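Below is the file run.cif, which contains mmCIF, C-alpha atoms.
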data_upload
#
loop_
_atom_site.label_atom_id
_atom_site.label_comp_id
_atom_site.auth_asym_id
_atom_site.auth_seq_id
_atom_site.Cartn_x
_atom_site.Cartn_y
_atom_site.Cartn_z
CA MET A 20 -38.33 -87.39 -65.86
CA THR A 21 -41.49 -87.52 -63.95
CA SER A 22 -41.49 -89.33 -60.55
CA MET A 23 -42.50 -92.88 -59.85
CA LEU A 24 -42.95 -96.28 -61.36
CA ILE A 25 -43.64 -97.20 -57.72
CA GLY A 26 -45.09 -100.62 -57.08
CA LEU A 27 -44.56 -101.70 -60.67
CA LEU A 28 -40.93 -102.74 -60.31
CA THR A 29 -38.91 -105.15 -58.18
CA PRO A 30 -37.87 -104.06 -54.65
CA THR A 31 -34.55 -102.78 -56.01
CA ALA A 32 -36.18 -100.48 -58.52
CA ARG A 33 -39.10 -99.62 -56.27
CA MET A 34 -36.91 -97.36 -54.17
CA LEU A 35 -35.87 -95.42 -57.25
CA SER A 36 -38.05 -92.38 -57.68
CA PHE A 37 -38.52 -91.69 -61.38
CA ARG A 38 -40.17 -88.69 -62.97
CA LEU A 39 -43.68 -89.99 -63.29
CA SER A 40 -44.87 -87.95 -60.33
CA SER A 41 -46.83 -89.46 -57.53
CA PRO A 42 -49.13 -87.18 -55.51
CA SER A 43 -46.55 -87.11 -52.70
CA ILE A 44 -43.74 -85.70 -54.87
CA SER A 45 -44.75 -82.61 -56.78
CA ARG A 46 -42.62 -82.19 -59.40
CA ALA A 47 -33.78 -82.70 -88.65
CA GLY A 48 -34.59 -82.77 -92.32
CA HIS A 49 -37.82 -82.70 -94.26
CA ILE A 50 -40.95 -83.06 -92.14
CA SER A 51 -43.07 -85.64 -93.87
CA ASN A 52 -46.80 -85.61 -93.21
CA CYS A 53 -48.32 -88.91 -92.19
CA ASN A 54 -51.83 -90.04 -91.44
CA SER A 55 -53.31 -88.03 -88.59
CA ILE A 56 -55.16 -89.51 -85.63
CA ALA A 57 -57.50 -87.44 -83.46
CA MET A 58 -56.63 -87.65 -79.75
CA GLY A 59 -59.93 -86.31 -78.47
CA ILE A 60 -61.17 -86.11 -74.89
CA GLN A 61 -64.45 -85.17 -73.29
CA ASN A 62 -65.25 -81.48 -73.01
CA SER A 63 -64.64 -79.44 -69.89
CA PRO A 64 -67.69 -77.48 -68.69
CA LEU A 65 -65.47 -74.39 -68.52
CA ILE A 66 -64.47 -74.63 -72.15
CA GLY A 67 -67.29 -76.25 -74.10
CA GLN A 68 -66.82 -77.91 -77.48
CA LYS A 69 -63.15 -78.61 -78.06
CA ARG A 70 -61.00 -79.11 -81.12
CA HIS A 71 -59.13 -82.39 -80.79
CA ALA A 72 -55.36 -82.68 -81.09
CA ASN A 73 -54.16 -84.69 -84.08
CA TYR A 74 -51.24 -87.09 -83.85
CA ARG A 75 -48.63 -87.25 -86.62
CA LEU A 76 -45.53 -89.40 -86.91
CA CYS A 77 -43.02 -87.31 -88.84
CA ASN A 78 -39.40 -87.33 -89.90
CA VAL A 79 -37.15 -84.61 -88.47
CA CYS A 80 -33.67 -84.86 -89.98
CA GLY A 81 -34.07 -88.61 -90.30
CA TYR A 82 -35.51 -89.19 -86.81
CA LYS A 83 -39.06 -90.43 -86.31
CA THR A 84 -40.87 -87.81 -84.24
CA ASP A 85 -44.25 -87.83 -82.50
CA LEU A 86 -46.25 -84.63 -82.93
CA LEU A 87 -49.56 -83.43 -81.51
CA GLU A 88 -51.11 -80.59 -83.49
CA ILE A 89 -54.15 -78.34 -83.42
CA ARG A 90 -54.21 -75.93 -86.33
CA ALA A 91 -56.11 -72.67 -86.18
CA GLU A 92 -57.89 -71.38 -89.29
CA ASP A 93 -56.37 -67.90 -89.11
CA PRO A 94 -53.63 -67.89 -86.44
CA THR A 95 -51.65 -64.85 -85.38
CA PHE A 96 -48.90 -66.85 -83.65
CA HIS A 97 -47.74 -70.44 -83.11
CA VAL A 98 -47.43 -72.13 -79.71
CA LEU A 99 -44.64 -74.71 -79.75
CA PHE A 100 -44.73 -77.03 -76.75
CA ILE A 101 -41.65 -78.90 -75.48
CA PRO A 102 -42.35 -81.81 -73.08
CA GLY A 103 -40.41 -82.90 -70.04
CA ASN A 104 -38.67 -86.25 -69.66
CA PRO A 105 -40.18 -88.69 -70.65
CA GLY A 106 -40.81 -86.61 -73.75
CA VAL A 107 -44.09 -88.31 -74.68
CA VAL A 108 -46.47 -85.75 -76.17
CA SER A 109 -49.63 -87.77 -75.50
CA PHE A 110 -49.16 -87.08 -71.76
CA TYR A 111 -50.18 -83.50 -72.63
CA THR A 112 -53.22 -84.09 -74.85
CA GLU A 113 -55.76 -82.54 -72.51
CA PHE A 114 -53.49 -79.60 -71.62
CA LEU A 115 -52.89 -78.78 -75.30
CA GLU A 116 -56.56 -79.01 -76.24
CA ASN A 117 -57.52 -76.81 -73.29
CA LEU A 118 -54.86 -74.26 -74.18
CA PHE A 119 -55.98 -74.07 -77.80
CA GLU A 120 -59.57 -73.37 -76.81
CA LEU A 121 -58.65 -70.86 -74.11
CA LEU A 122 -56.67 -68.90 -76.71
CA GLY A 123 -59.84 -68.67 -78.79
CA GLY A 124 -58.37 -70.20 -81.92
CA THR A 125 -55.86 -67.35 -82.32
CA ALA A 126 -52.89 -69.73 -82.33
CA SER A 127 -51.92 -73.05 -83.81
CA VAL A 128 -50.48 -75.43 -81.20
CA THR A 129 -47.81 -78.07 -81.81
CA ALA A 130 -46.11 -80.42 -79.32
CA VAL A 131 -42.84 -82.06 -80.41
CA GLY A 132 -41.83 -85.31 -78.74
CA HIS A 133 -38.27 -86.34 -77.90
CA ILE A 134 -36.36 -88.71 -80.18
CA ALA A 135 -36.69 -92.38 -79.15
CA HIS A 136 -39.22 -91.64 -76.39
CA THR A 137 -41.62 -93.53 -78.61
CA GLU A 138 -43.75 -96.65 -78.65
CA LYS A 139 -41.68 -98.26 -81.40
CA ASN A 140 -37.91 -98.61 -81.41
CA TRP A 141 -37.46 -96.47 -84.52
CA GLU A 142 -33.83 -95.56 -83.77
CA ASN A 143 -32.67 -99.16 -83.11
CA GLY A 144 -31.62 -98.61 -79.53
CA ARG A 145 -29.52 -95.48 -80.06
CA LEU A 146 -29.38 -93.19 -77.02
CA PHE A 147 -29.86 -89.42 -77.30
CA SER A 148 -28.50 -86.72 -74.99
CA LEU A 149 -30.08 -83.49 -73.82
CA GLU A 150 -28.01 -81.55 -76.36
CA GLU A 151 -29.16 -83.83 -79.19
CA GLN A 152 -32.78 -83.34 -78.15
CA ILE A 153 -32.28 -79.56 -78.26
CA ASP A 154 -30.73 -79.81 -81.73
CA HIS A 155 -33.70 -81.92 -82.80
CA LYS A 156 -36.17 -79.21 -81.73
CA MET A 157 -34.14 -76.55 -83.55
CA ASP A 158 -34.21 -78.73 -86.67
CA PHE A 159 -37.98 -78.89 -86.35
CA ILE A 160 -38.21 -75.08 -86.35
CA LYS A 161 -35.76 -74.81 -89.23
CA HIS A 162 -37.52 -77.24 -91.54
CA GLU A 163 -41.15 -76.95 -90.44
CA LEU A 164 -41.61 -73.37 -89.26
CA GLN A 165 -38.80 -71.31 -90.78
CA ASP A 166 -40.86 -70.27 -93.81
CA ASN A 167 -43.85 -69.58 -91.61
CA GLU A 168 -43.97 -65.87 -90.79
CA LEU A 169 -45.96 -66.42 -87.59
CA PRO A 170 -44.05 -65.64 -84.39
CA ILE A 171 -43.42 -68.54 -82.01
CA ILE A 172 -44.30 -68.76 -78.33
CA LEU A 173 -42.38 -71.54 -76.59
CA VAL A 174 -44.01 -73.39 -73.71
CA GLY A 175 -41.94 -76.00 -71.87
CA HIS A 176 -42.50 -78.38 -68.98
CA SER A 177 -39.75 -79.46 -66.56
CA ILE A 178 -36.55 -80.01 -68.59
CA GLY A 179 -38.60 -78.75 -71.53
CA SER A 180 -38.35 -75.34 -69.87
CA TYR A 181 -34.56 -75.46 -70.09
CA ILE A 182 -34.79 -76.66 -73.69
CA SER A 183 -37.18 -73.80 -74.49
CA ILE A 184 -34.82 -71.19 -73.06
CA GLU A 185 -31.96 -72.62 -75.11
CA MET A 186 -34.15 -72.61 -78.25
CA PHE A 187 -35.04 -68.97 -77.53
CA ARG A 188 -31.33 -68.15 -77.28
CA ARG A 189 -30.60 -69.85 -80.60
CA SER A 190 -33.59 -68.43 -82.48
CA PRO A 191 -34.39 -64.97 -81.10
CA GLU A 192 -35.69 -63.79 -84.48
CA LYS A 193 -38.53 -66.35 -84.43
CA VAL A 194 -39.37 -66.68 -80.72
CA ILE A 195 -41.17 -63.84 -78.99
CA TYR A 196 -42.13 -65.35 -75.62
CA CYS A 197 -41.04 -68.29 -73.46
CA ILE A 198 -43.02 -69.91 -70.65
CA GLY A 199 -41.54 -72.52 -68.30
CA MET A 200 -43.90 -74.71 -66.26
CA TYR A 201 -42.55 -76.46 -63.16
CA PRO A 202 -39.10 -75.73 -64.63
CA PHE A 203 -36.06 -77.95 -64.12
CA LEU A 204 -33.26 -75.43 -64.67
CA ALA A 205 -30.58 -76.53 -62.20
CA VAL A 206 -29.71 -79.58 -60.12
CA ASN A 207 -31.31 -79.43 -56.68
CA THR A 208 -28.48 -80.55 -54.39
CA GLU A 209 -30.84 -80.60 -51.39
CA SER A 210 -33.14 -83.20 -52.95
CA SER A 211 -32.56 -86.79 -51.84
CA THR A 212 -34.84 -87.93 -54.66
CA GLN A 213 -32.63 -86.27 -57.27
CA SER A 214 -29.56 -87.79 -55.62
CA ILE A 215 -31.03 -91.29 -56.01
CA ILE A 216 -32.08 -90.68 -59.61
CA ARG A 217 -28.67 -89.25 -60.43
CA ARG A 218 -26.86 -92.33 -59.10
CA LEU A 219 -29.19 -94.55 -61.11
CA ALA A 220 -28.84 -92.57 -64.33
CA MET A 221 -25.06 -92.38 -64.04
CA SER A 222 -24.74 -96.17 -63.83
CA PRO A 223 -25.08 -97.97 -67.20
CA HIS A 224 -25.65 -101.28 -65.40
CA LEU A 225 -28.42 -99.98 -63.13
CA SER A 226 -30.03 -98.11 -66.02
CA ALA A 227 -30.07 -101.25 -68.14
CA ALA A 228 -31.45 -103.37 -65.30
CA VAL A 229 -34.31 -100.98 -64.55
CA SER A 230 -35.05 -100.59 -68.25
CA TYR A 231 -35.29 -104.37 -68.62
CA GLU A 232 -37.78 -104.53 -65.74
CA VAL A 233 -39.83 -101.73 -67.27
CA GLY A 234 -39.69 -103.45 -70.65
CA ILE A 235 -41.01 -106.68 -69.13
CA LEU A 236 -44.01 -104.77 -67.82
CA GLY A 237 -44.58 -103.50 -71.34
CA LEU A 238 -44.96 -107.08 -72.52
CA LEU A 239 -47.98 -107.64 -70.31
CA PRO A 240 -51.48 -107.55 -71.85
CA ILE A 241 -52.60 -103.94 -72.08
CA LYS A 242 -55.41 -104.46 -69.57
CA ALA A 243 -52.92 -105.79 -67.02
CA SER A 244 -50.48 -102.91 -67.50
CA ARG A 245 -53.29 -100.37 -67.27
CA PHE A 246 -54.46 -101.94 -64.01
CA LEU A 247 -50.94 -101.86 -62.53
CA VAL A 248 -50.39 -98.25 -63.58
CA THR A 249 -53.76 -97.11 -62.24
CA THR A 250 -53.16 -98.93 -58.96
CA SER A 251 -49.65 -97.50 -58.54
CA MET A 252 -50.16 -93.95 -59.79
CA GLY A 253 -53.59 -93.34 -58.35
CA LYS A 254 -57.03 -93.19 -59.88
CA SER A 255 -56.72 -89.43 -60.41
CA TRP A 256 -54.64 -90.02 -63.54
CA SER A 257 -56.54 -89.42 -66.75
CA ALA A 258 -57.13 -92.21 -69.26
CA ALA A 259 -54.84 -90.40 -71.74
CA ALA A 260 -51.97 -90.30 -69.22
CA VAL A 261 -52.35 -93.97 -68.31
CA GLU A 262 -52.39 -94.90 -72.00
CA ALA A 263 -49.28 -92.78 -72.67
CA LEU A 264 -47.35 -94.49 -69.90
CA CYS A 265 -48.39 -98.00 -70.90
CA THR A 266 -47.74 -97.61 -74.62
CA HIS A 267 -44.65 -95.38 -74.71
CA VAL A 268 -42.75 -95.51 -71.42
CA LEU A 269 -43.04 -99.23 -70.64
CA GLN A 270 -40.52 -100.02 -73.37
CA TYR A 271 -36.87 -100.97 -72.87
CA HIS A 272 -35.57 -98.59 -75.56
CA ALA A 273 -37.70 -95.71 -74.27
CA MET A 274 -36.65 -96.12 -70.63
CA ARG A 275 -32.97 -96.38 -71.60
CA ASN A 276 -33.37 -93.07 -73.43
CA VAL A 277 -35.22 -91.50 -70.51
CA LEU A 278 -32.37 -92.43 -68.18
CA PHE A 279 -29.58 -91.52 -70.62
CA MET A 280 -31.13 -88.10 -71.21
CA THR A 281 -31.45 -87.74 -67.43
CA MET A 282 -27.72 -88.44 -67.02
CA THR A 283 -26.87 -85.68 -69.48
CA GLU A 284 -29.37 -83.33 -67.81
CA PHE A 285 -27.64 -83.71 -64.46
CA LYS A 286 -24.27 -83.01 -66.06
CA LYS A 287 -25.46 -79.90 -67.91
CA LEU A 288 -27.69 -78.52 -65.17
CA SER A 289 -24.88 -78.66 -62.64
CA GLU A 290 -23.74 -75.49 -64.38
CA THR A 291 -25.02 -72.01 -63.47
CA PRO A 292 -28.07 -70.95 -65.50
CA ASN A 293 -27.49 -68.45 -68.28
CA TRP A 294 -28.61 -65.44 -66.25
CA ALA A 295 -27.18 -62.95 -68.75
CA PHE A 296 -29.42 -64.15 -71.58
CA MET A 297 -32.43 -64.47 -69.29
CA ARG A 298 -31.96 -60.90 -68.09
CA GLN A 299 -31.66 -59.73 -71.68
CA LYS A 300 -35.04 -61.34 -72.48
CA GLN A 301 -36.66 -60.93 -69.06
CA SER A 302 -39.76 -59.17 -70.36
CA GLN A 303 -40.33 -62.13 -72.68
CA MET A 304 -40.10 -64.87 -70.04
CA ALA A 305 -42.51 -66.35 -67.53
CA PHE A 306 -42.29 -69.25 -65.08
CA LEU A 307 -44.82 -71.25 -63.08
CA PHE A 308 -43.52 -73.12 -60.04
CA GLY A 309 -45.15 -75.73 -57.83
CA ALA A 310 -45.37 -75.22 -54.09
CA ASP A 311 -43.72 -78.60 -53.43
CA ASP A 312 -41.62 -79.64 -56.43
CA HIS A 313 -38.05 -80.84 -56.08
CA TRP A 314 -37.44 -80.42 -59.84
CA GLY A 315 -38.40 -76.75 -59.73
CA PRO A 316 -37.94 -75.81 -56.06
CA LEU A 317 -38.88 -72.45 -54.63
CA GLN A 318 -35.15 -71.76 -54.19
CA MET A 319 -35.01 -71.47 -57.98
CA PHE A 320 -38.03 -69.14 -57.86
CA ASP A 321 -35.99 -66.91 -55.54
CA GLU A 322 -32.91 -67.16 -57.78
CA ILE A 323 -34.90 -66.05 -60.83
CA SER A 324 -36.51 -63.23 -58.83
CA LYS A 325 -33.04 -61.96 -57.94
CA ASN A 326 -31.29 -62.49 -61.27
CA VAL A 327 -34.18 -61.95 -63.73
CA PRO A 328 -36.40 -59.42 -61.95
CA GLY A 329 -38.47 -58.63 -65.04
CA ALA A 330 -39.69 -62.19 -65.61
CA ALA A 331 -43.31 -63.02 -64.75
CA LEU A 332 -43.26 -65.49 -61.85
CA ALA A 333 -46.03 -67.42 -60.14
CA VAL A 334 -46.43 -70.32 -57.72
CA GLU A 335 -49.23 -72.85 -58.15
CA ARG A 336 -50.74 -73.67 -54.75
CA GLU A 337 -53.76 -75.69 -55.88
CA GLY A 338 -52.16 -78.99 -54.91
CA PHE A 339 -51.24 -80.28 -58.37
CA SER A 340 -48.00 -82.22 -58.78
CA HIS A 341 -45.07 -81.79 -61.13
CA ALA A 342 -46.93 -84.16 -63.48
CA PHE A 343 -49.87 -81.75 -63.74
CA SER A 344 -50.81 -83.01 -67.21
CA CYS A 345 -51.62 -86.49 -65.91
CA THR A 346 -54.86 -85.22 -64.34
CA ARG A 347 -57.79 -83.45 -65.96
CA ALA A 348 -57.93 -80.78 -63.25
CA GLY A 349 -54.20 -80.05 -63.47
CA SER A 350 -54.30 -79.88 -67.25
CA LEU A 351 -57.11 -77.35 -67.17
CA TRP A 352 -55.70 -75.15 -64.39
CA VAL A 353 -52.24 -74.89 -65.95
CA ALA A 354 -53.73 -74.27 -69.41
CA GLN A 355 -55.75 -71.38 -67.95
CA HIS A 356 -52.62 -69.92 -66.34
CA VAL A 357 -50.57 -70.21 -69.55
CA ALA A 358 -53.39 -68.76 -71.67
CA ASN A 359 -53.67 -65.78 -69.31
CA LEU A 360 -49.91 -65.17 -69.55
CA ILE A 361 -50.07 -65.20 -73.33
CA LYS A 362 -53.10 -62.90 -73.44
CA LYS A 363 -51.39 -60.45 -71.09
CA GLN A 364 -48.25 -60.51 -73.23
CA LYS A 365 -50.37 -59.85 -76.32
CA THR A 366 -51.94 -56.86 -74.61
CA ASN A 367 -48.56 -55.44 -73.60
CA THR A 368 -46.94 -55.95 -77.02
CA SER A 369 -47.90 -55.73 -80.66
CA LEU A 370 -48.48 -59.49 -80.91
#
Hey, can you dump this file as structure tokens for me?
Amino acid sequence: MTSMLIGLLTPTARMLSFRLSSPSISRAGHISNCNSIAMGIQNSPLIGQKRHANYRLCNVCGYKTDLLEIRAEDPTFHVLFIPGNPGVVSFYTEFLENLFELLGGTASVTAVGHIAHTEKNWENGRLFSLEEQIDHKMDFIKHELQDNELPIILVGHSIGSYISIEMFRRSPEKVIYCIGMYPFLAVNTESSTQSIIRRLAMSPHLSAAVSYEVGILGLLPIKASRFLVTTSMGKSWSAAAVEALCTHVLQYHAMRNVLFMTMTEFKKLSETPNWAFMRQKQSQMAFLFGADDHWGPLQMFDEISKNVPGAALAVEREGFSHAFSCTRAGSLWVAQHVANLIKKQKTNTSL
């Protein structure tokens, strides 16, 4: 979950720091093709003409699923991106388009959204756990990519990093590399922000109350909700990020799922990370941490350094927040870092 719906909610909810990061807190069956929508953005001067990501609403084992895709003409591998929580793929449009171009068209790129983190209430209010979201992503690989001989590189953000590691463990024959960005891999017991969020997520009554408030905001005219979001989150947010928040997150069913998934994250991530598997695949893992990110604190950087010494580790000190993809500059910088990791891995292996 990204950090803050600050200033948008009542005083009770205002103190609750969500995962829509503010600058001060860094932090499945047949897949049916539907009509695609280009999600284009203006070009970066460092990249030039860009291919736009296409949106598809698909069916993964009976669950409506948001996808963003950029297909290469002759790819040598497939980048599969797993979002954080909220699992709204349109938050990452600029990052994905930058990454595709920086890889020079050598890879197709697909982002898979979380079930029920959607604009419409496709699942009729059903709540989905972290484990169910992992199963959903495995179903996507099984039914969409299993017959594709291209190797898969997993890229995850926040809790998407944990999901990616678990997907790697379950499908080692398909996945060849795993990159975690600002990874949420274990509960940070020293974070007061996480303590507040945990108490909120663990309470069905509080979760419902906050979700109702968020849902009311979603009923406002789109211009009004955009103004409130821009005012609260800062003018540095990109138009794509503001639109993603207004259309997908400001929904009762979506916020209930964000908080329910958060509850199950805190339960699961209270356990010790699977160091044995990570050590086994250490040459095929990389992590990018933020300098000030309570979701992926530098204590976890140190833990990985000690327990998984062969993993590629880096700390971003450019001043971007956990929600890097909500700004154009953050999307570009992180895309450059991820592209360089992949290129280096290609050089060191037969990929």
Inset, instruction - Considering all atoms listed in the file, return as a PyMOL selection string whatever protein or nucleic-acid residues lie within 10 Å of segment 182-191 of chain A, sequence-local ones (same chain, fewer than 3 positions apart) excluded. - result: chain A and resi 99-103+149-150+152-154+156-157+160-161+171-179+194-199+203-204+293+296-297+300+303-304
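Within 9 Å of the file-frame point (-46.2, -102.4, -68.8), and using only C-alpha atoms, the polymer residues found are Leu27, Val233, Gly234, Ile235, Leu236, Gly237, Leu238, Leu239, Pro240, Ile241, Ala243, Ser244, Arg245, Leu247, Val248, Leu264, Cys265, Thr266, Val268, Leu269 and Gln270 of chain A.
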Residues within 8 Å of Arg217 of chain A, please, as a PDB file with C-alpha atoms, in the coordinates of the input. Count all atoms listed in the file; anything in the same chain fewer than 5 positions from it doesn't count.
ATOM      1  CA  THR A 281     -31.450 -87.740 -67.430  1.00  0.00           C
ATOM      2  CA  MET A 282     -27.720 -88.440 -67.020  1.00  0.00           C
ATOM      3  CA  PHE A 285     -27.640 -83.710 -64.460  1.00  0.00           C
TER       4      PHE A 285
END
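Pairwise distance (atom CA of Glu335 of chain A, atom CA of Leu360 of chain A) equals 13.8 Å.
Take atom CA of Ser344 of chain A and atom CA of Phe110 of chain A: the distance between them is 6.3 Å.
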Inset, instruction - Can you pull out every residue within 10 Å of Met274 of chain A, counting all atoms listed in the file, but drop anything in the same chain fewer than 3 positions away, and send it as a ChimeraX atom specification? - result: /A:105,135-137,226-227,229-234,267-271,277-280
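Residues in contact with Thr95 of chain A at 12 Å, where all atoms listed in the file are counted and same-chain residues fewer than 3 positions away are skipped, are listed as Arg90, Ala91, Glu92, Val98, Leu122, Gly123, Gly124, Thr125, Ala126, Ser127, Val128, Asn167, Glu168, Leu169, Pro170, Ile171, Ile172, Lys365, Ser369 and Leu370 of chain A.
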